[in-house]
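Asks: Have a peek at target-v7.txt (compact mmCIF, N, CA, C and O atoms).
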# COMPACT_ATOMS: atom_id res chain seq x y z
N MET X 176 3.48 19.41 -37.27
CA MET X 176 3.35 17.97 -37.12
C MET X 176 1.88 17.57 -37.20
O MET X 176 1.55 16.63 -37.88
N HIS X 177 1.01 18.30 -36.51
CA HIS X 177 -0.40 17.95 -36.52
C HIS X 177 -1.02 18.17 -37.89
O HIS X 177 -1.93 17.46 -38.29
N THR X 178 -0.50 19.15 -38.63
CA THR X 178 -1.00 19.41 -39.98
C THR X 178 -0.71 18.23 -40.89
O THR X 178 -1.55 17.83 -41.68
N ILE X 179 0.45 17.64 -40.75
CA ILE X 179 0.81 16.48 -41.56
C ILE X 179 -0.12 15.32 -41.23
O ILE X 179 -0.61 14.63 -42.12
N GLN X 180 -0.37 15.09 -39.96
CA GLN X 180 -1.27 14.00 -39.56
C GLN X 180 -2.67 14.23 -40.10
O GLN X 180 -3.32 13.29 -40.54
N ARG X 181 -3.15 15.45 -40.07
CA ARG X 181 -4.49 15.74 -40.55
C ARG X 181 -4.60 15.49 -42.05
O ARG X 181 -5.66 15.13 -42.55
N LYS X 182 -3.54 15.71 -42.78
CA LYS X 182 -3.56 15.50 -44.22
C LYS X 182 -3.38 14.03 -44.59
O LYS X 182 -3.93 13.58 -45.58
N THR X 183 -2.59 13.32 -43.82
CA THR X 183 -2.32 11.92 -44.17
C THR X 183 -3.36 10.96 -43.61
O THR X 183 -3.53 9.88 -44.16
N ALA X 184 -4.05 11.33 -42.56
CA ALA X 184 -5.02 10.43 -41.94
C ALA X 184 -6.11 10.00 -42.91
O ALA X 184 -6.40 8.80 -43.03
N PRO X 185 -6.74 10.91 -43.66
CA PRO X 185 -7.77 10.47 -44.62
C PRO X 185 -7.20 9.57 -45.71
O PRO X 185 -7.85 8.61 -46.12
N ALA X 186 -5.99 9.86 -46.15
CA ALA X 186 -5.38 9.02 -47.18
C ALA X 186 -5.11 7.62 -46.65
O ALA X 186 -5.35 6.62 -47.35
N LEU X 187 -4.62 7.53 -45.44
CA LEU X 187 -4.37 6.22 -44.85
C LEU X 187 -5.67 5.46 -44.59
O LEU X 187 -5.73 4.25 -44.77
N ALA X 188 -6.69 6.16 -44.18
CA ALA X 188 -7.98 5.52 -43.98
C ALA X 188 -8.53 4.98 -45.30
O ALA X 188 -9.06 3.87 -45.35
N ALA X 189 -8.38 5.74 -46.36
CA ALA X 189 -8.84 5.28 -47.67
C ALA X 189 -8.04 4.06 -48.11
O ALA X 189 -8.60 3.10 -48.67
N LEU X 190 -6.74 4.07 -47.86
CA LEU X 190 -5.90 2.93 -48.21
C LEU X 190 -6.33 1.69 -47.43
O LEU X 190 -6.38 0.59 -47.99
N ALA X 191 -6.67 1.86 -46.18
CA ALA X 191 -7.14 0.72 -45.38
C ALA X 191 -8.45 0.18 -45.91
O ALA X 191 -8.66 -1.04 -45.94
N LEU X 192 -9.33 1.05 -46.35
CA LEU X 192 -10.60 0.58 -46.92
C LEU X 192 -10.36 -0.19 -48.21
O LEU X 192 -11.03 -1.20 -48.47
N VAL X 193 -9.41 0.25 -49.01
CA VAL X 193 -9.08 -0.49 -50.23
C VAL X 193 -8.51 -1.86 -49.86
O VAL X 193 -8.80 -2.85 -50.52
N ALA X 194 -7.72 -1.90 -48.81
CA ALA X 194 -7.14 -3.17 -48.38
C ALA X 194 -8.22 -4.16 -47.96
O ALA X 194 -8.06 -5.37 -48.09
N LEU X 195 -9.35 -3.65 -47.50
CA LEU X 195 -10.44 -4.54 -47.10
C LEU X 195 -11.06 -5.27 -48.30
O LEU X 195 -11.75 -6.26 -48.13
N ALA X 196 -10.81 -4.77 -49.49
CA ALA X 196 -11.35 -5.43 -50.68
C ALA X 196 -10.73 -6.81 -50.87
O ALA X 196 -11.31 -7.66 -51.53
N ALA X 197 -9.57 -7.03 -50.31
CA ALA X 197 -8.94 -8.35 -50.35
C ALA X 197 -9.45 -9.12 -49.14
O ALA X 197 -8.81 -9.20 -48.12
N CYS X 198 -10.63 -9.68 -49.27
CA CYS X 198 -11.35 -10.20 -48.12
C CYS X 198 -10.77 -11.45 -47.49
O CYS X 198 -10.82 -11.61 -46.30
N GLY X 199 -10.29 -12.35 -48.29
CA GLY X 199 -9.90 -13.65 -47.77
C GLY X 199 -11.00 -14.66 -48.07
O GLY X 199 -12.15 -14.29 -48.31
N ASP X 200 -10.65 -15.92 -48.05
CA ASP X 200 -11.60 -16.97 -48.42
C ASP X 200 -12.40 -17.51 -47.25
O ASP X 200 -13.50 -18.01 -47.43
N THR X 201 -11.86 -17.43 -46.06
CA THR X 201 -12.55 -17.96 -44.89
C THR X 201 -12.79 -16.83 -43.88
O THR X 201 -12.16 -15.77 -43.97
N ILE X 202 -13.66 -17.08 -42.93
CA ILE X 202 -13.95 -16.06 -41.92
C ILE X 202 -12.70 -15.69 -41.11
O ILE X 202 -12.46 -14.50 -40.90
N PRO X 203 -11.86 -16.64 -40.70
CA PRO X 203 -10.64 -16.23 -39.99
C PRO X 203 -9.72 -15.36 -40.85
O PRO X 203 -9.13 -14.41 -40.36
N GLU X 204 -9.60 -15.69 -42.15
CA GLU X 204 -8.78 -14.85 -43.03
C GLU X 204 -9.38 -13.45 -43.15
O GLU X 204 -8.66 -12.45 -43.15
N GLN X 205 -10.69 -13.38 -43.28
CA GLN X 205 -11.37 -12.10 -43.39
C GLN X 205 -11.14 -11.26 -42.13
O GLN X 205 -10.87 -10.06 -42.21
N ALA X 206 -11.24 -11.89 -40.98
CA ALA X 206 -11.03 -11.18 -39.72
C ALA X 206 -9.58 -10.72 -39.59
O ALA X 206 -9.32 -9.59 -39.15
N LEU X 207 -8.65 -11.55 -39.99
CA LEU X 207 -7.23 -11.20 -39.90
C LEU X 207 -6.88 -10.04 -40.81
O LEU X 207 -6.21 -9.08 -40.40
N LEU X 208 -7.34 -10.08 -42.05
CA LEU X 208 -7.05 -8.99 -42.99
C LEU X 208 -7.71 -7.69 -42.55
O LEU X 208 -7.09 -6.62 -42.59
N GLY X 209 -8.96 -7.77 -42.14
CA GLY X 209 -9.65 -6.56 -41.66
C GLY X 209 -9.04 -6.01 -40.40
O GLY X 209 -8.89 -4.80 -40.23
N GLY X 210 -8.67 -6.91 -39.50
CA GLY X 210 -8.04 -6.48 -38.25
C GLY X 210 -6.70 -5.81 -38.49
O GLY X 210 -6.37 -4.81 -37.86
N GLY X 211 -5.93 -6.35 -39.42
CA GLY X 211 -4.64 -5.74 -39.76
C GLY X 211 -4.82 -4.35 -40.34
O GLY X 211 -4.12 -3.41 -39.95
N ALA X 212 -5.75 -4.22 -41.27
CA ALA X 212 -6.01 -2.91 -41.88
C ALA X 212 -6.52 -1.92 -40.83
O ALA X 212 -6.11 -0.76 -40.81
N GLY X 213 -7.38 -2.37 -39.94
CA GLY X 213 -7.90 -1.50 -38.89
C GLY X 213 -6.84 -1.08 -37.89
O GLY X 213 -6.81 0.07 -37.46
N ALA X 214 -5.95 -2.01 -37.55
CA ALA X 214 -4.88 -1.68 -36.60
C ALA X 214 -3.93 -0.65 -37.19
O ALA X 214 -3.53 0.30 -36.53
N ILE X 215 -3.59 -0.83 -38.46
CA ILE X 215 -2.69 0.13 -39.12
C ILE X 215 -3.35 1.50 -39.21
O ILE X 215 -2.71 2.52 -38.95
N THR X 216 -4.62 1.51 -39.55
CA THR X 216 -5.33 2.79 -39.64
C THR X 216 -5.41 3.45 -38.26
O THR X 216 -5.19 4.66 -38.14
N GLY X 217 -5.73 2.68 -37.24
CA GLY X 217 -5.80 3.24 -35.89
C GLY X 217 -4.48 3.84 -35.46
O GLY X 217 -4.45 4.94 -34.89
N ALA X 218 -3.39 3.16 -35.75
CA ALA X 218 -2.08 3.68 -35.39
C ALA X 218 -1.73 4.94 -36.20
O ALA X 218 -1.17 5.89 -35.67
N ALA X 219 -2.09 4.92 -37.47
CA ALA X 219 -1.74 6.04 -38.34
C ALA X 219 -2.48 7.32 -37.98
O ALA X 219 -1.92 8.42 -38.12
N VAL X 220 -3.70 7.19 -37.53
CA VAL X 220 -4.48 8.40 -37.22
C VAL X 220 -4.38 8.78 -35.74
O VAL X 220 -5.03 9.70 -35.29
N GLY X 221 -3.55 8.06 -35.00
CA GLY X 221 -3.35 8.40 -33.60
C GLY X 221 -4.43 7.88 -32.68
O GLY X 221 -4.55 8.33 -31.55
N GLY X 222 -5.19 6.91 -33.14
CA GLY X 222 -6.24 6.32 -32.32
C GLY X 222 -5.78 5.04 -31.68
O GLY X 222 -4.59 4.72 -31.65
N SER X 223 -6.72 4.29 -31.18
CA SER X 223 -6.42 3.03 -30.52
C SER X 223 -6.19 1.93 -31.56
O SER X 223 -7.04 1.69 -32.41
N VAL X 224 -5.06 1.27 -31.46
CA VAL X 224 -4.75 0.17 -32.37
C VAL X 224 -5.71 -1.00 -32.12
O VAL X 224 -6.20 -1.63 -33.06
N ILE X 225 -6.01 -1.26 -30.86
CA ILE X 225 -6.90 -2.37 -30.50
C ILE X 225 -8.31 -2.12 -31.04
O ILE X 225 -8.92 -3.02 -31.63
N THR X 226 -8.81 -0.92 -30.83
CA THR X 226 -10.15 -0.59 -31.34
C THR X 226 -10.18 -0.65 -32.85
O THR X 226 -11.12 -1.19 -33.44
N GLY X 227 -9.15 -0.13 -33.49
CA GLY X 227 -9.07 -0.18 -34.95
C GLY X 227 -9.07 -1.60 -35.46
O GLY X 227 -9.74 -1.93 -36.44
N ALA X 228 -8.33 -2.47 -34.80
CA ALA X 228 -8.27 -3.88 -35.20
C ALA X 228 -9.63 -4.56 -35.04
O ALA X 228 -10.08 -5.30 -35.92
N ALA X 229 -10.30 -4.28 -33.93
CA ALA X 229 -11.61 -4.89 -33.68
C ALA X 229 -12.65 -4.42 -34.70
O ALA X 229 -13.40 -5.23 -35.26
N VAL X 230 -12.66 -3.12 -34.95
CA VAL X 230 -13.62 -2.57 -35.92
C VAL X 230 -13.30 -3.06 -37.32
O VAL X 230 -14.20 -3.45 -38.08
N GLY X 231 -12.04 -3.09 -37.69
CA GLY X 231 -11.64 -3.57 -39.00
C GLY X 231 -11.98 -5.03 -39.22
O GLY X 231 -12.49 -5.42 -40.28
N ALA X 232 -11.72 -5.86 -38.22
CA ALA X 232 -12.03 -7.29 -38.33
C ALA X 232 -13.53 -7.51 -38.48
O ALA X 232 -13.97 -8.23 -39.38
N ALA X 233 -14.30 -6.89 -37.62
CA ALA X 233 -15.75 -7.06 -37.68
C ALA X 233 -16.31 -6.51 -38.99
O ALA X 233 -17.14 -7.16 -39.64
N GLY X 234 -15.84 -5.35 -39.39
CA GLY X 234 -16.33 -4.75 -40.62
C GLY X 234 -16.03 -5.58 -41.84
O GLY X 234 -16.87 -5.75 -42.73
N ASN X 235 -14.83 -6.13 -41.90
CA ASN X 235 -14.46 -6.92 -43.07
C ASN X 235 -15.25 -8.23 -43.13
O ASN X 235 -15.69 -8.64 -44.19
N VAL X 236 -15.43 -8.88 -41.99
CA VAL X 236 -16.21 -10.13 -41.98
C VAL X 236 -17.65 -9.85 -42.39
O VAL X 236 -18.21 -10.56 -43.24
N VAL X 237 -18.25 -8.82 -41.84
CA VAL X 237 -19.63 -8.49 -42.19
C VAL X 237 -19.75 -8.16 -43.67
O VAL X 237 -20.64 -8.66 -44.37
N TYR X 238 -18.83 -7.35 -44.19
CA TYR X 238 -18.88 -6.96 -45.60
C TYR X 238 -18.71 -8.18 -46.50
O TYR X 238 -19.47 -8.37 -47.46
N CYS X 239 -17.74 -9.02 -46.20
CA CYS X 239 -17.47 -10.18 -47.05
C CYS X 239 -18.60 -11.21 -47.00
O CYS X 239 -18.87 -11.88 -47.99
N GLN X 240 -19.24 -11.31 -45.86
CA GLN X 240 -20.37 -12.25 -45.76
C GLN X 240 -21.60 -11.69 -46.46
O GLN X 240 -22.38 -12.45 -47.04
N ALA X 241 -21.78 -10.39 -46.45
CA ALA X 241 -22.93 -9.77 -47.09
C ALA X 241 -22.75 -9.69 -48.62
O ALA X 241 -23.72 -9.80 -49.35
N TYR X 242 -21.53 -9.48 -49.07
CA TYR X 242 -21.25 -9.32 -50.51
C TYR X 242 -20.10 -10.24 -50.95
O TYR X 242 -19.04 -9.77 -51.34
N PRO X 243 -20.33 -11.54 -50.93
CA PRO X 243 -19.22 -12.46 -51.25
C PRO X 243 -18.70 -12.30 -52.68
O PRO X 243 -17.54 -12.52 -52.94
N SER X 244 -19.56 -11.89 -53.60
CA SER X 244 -19.10 -11.74 -54.99
C SER X 244 -18.13 -10.58 -55.15
O SER X 244 -17.33 -10.56 -56.07
N ARG X 245 -18.15 -9.63 -54.26
CA ARG X 245 -17.24 -8.48 -54.32
C ARG X 245 -15.90 -8.77 -53.66
O ARG X 245 -14.97 -7.99 -53.80
N CYS X 246 -15.82 -9.84 -52.92
CA CYS X 246 -14.61 -10.13 -52.15
C CYS X 246 -13.68 -11.11 -52.83
O CYS X 246 -12.49 -11.10 -52.58
N ASN X 247 -14.18 -11.99 -53.61
CA ASN X 247 -13.32 -13.03 -54.17
C ASN X 247 -13.09 -12.86 -55.64
O ASN X 247 -13.64 -12.28 -56.38
How does this structure look as structure tokens?

Replies:
Amino acid sequence: MHTIQRKTAPALAALALVALAACGDTIPEQALLGGGAGAITGAAVGGSVITGAAVGAAGNVVYCQAYPSRCN
């Protein structure tokens, strides 16, 4: 069981990072999309869903604000 998690965790994390490319047009949308991706990743890798959501939301907002041409 743990072997499967170790193999799928990096794949799910990569998928979540790809999902962050769909930034959203406004800051609330960016936070919601990033938070969703972070929560899913946190759950998939056996970590904290709340922490994953917070990190994902903050990361997506920061990325989209820093590189708006890459998000839209």

Asks: Check the smallest atom-to-atom distance from each of X:Ala214, X:Gln205, X:Asp200, X:Gly221 to X:Gly234 using all atoms listed in the file, then report the winner.

Replies: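 Using all atoms listed in the file, X:Gly234 sits closest to X:Gln205.
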
Asks: So which one's closest to X:Gly227, X:Glu204, X:Gly199, X:Pro243, X:Gly209? Using only C-alpha atoms, please.

Replies: X:Gly209

Asks: State, in Å with one decimal place, the distance from atom CA of X:Pro203 to atom CA of X:Asn235.

Replies: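 That distance, rounded to one decimal, is 10.5 Å.
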
Asks: Would you work out the distance separating atom N of X:Gly210 from atom CA of X:Ser244, expressed in Å to one decimal?

Replies: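 It comes out at 19.3 Å.
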
Asks: For atom O of X:Ala229 and atom O of X:Thr216, quote the distance in Å rounded to one decimal.

Replies: 13.2 Å

Asks: Pull the alpha helix (DSSP H) assignments for stretch 196-230 of chain X out of DSSP run on the backbone, and list those residues as a ChimeraX atom specification.

Replies: /X:202-219,224-230
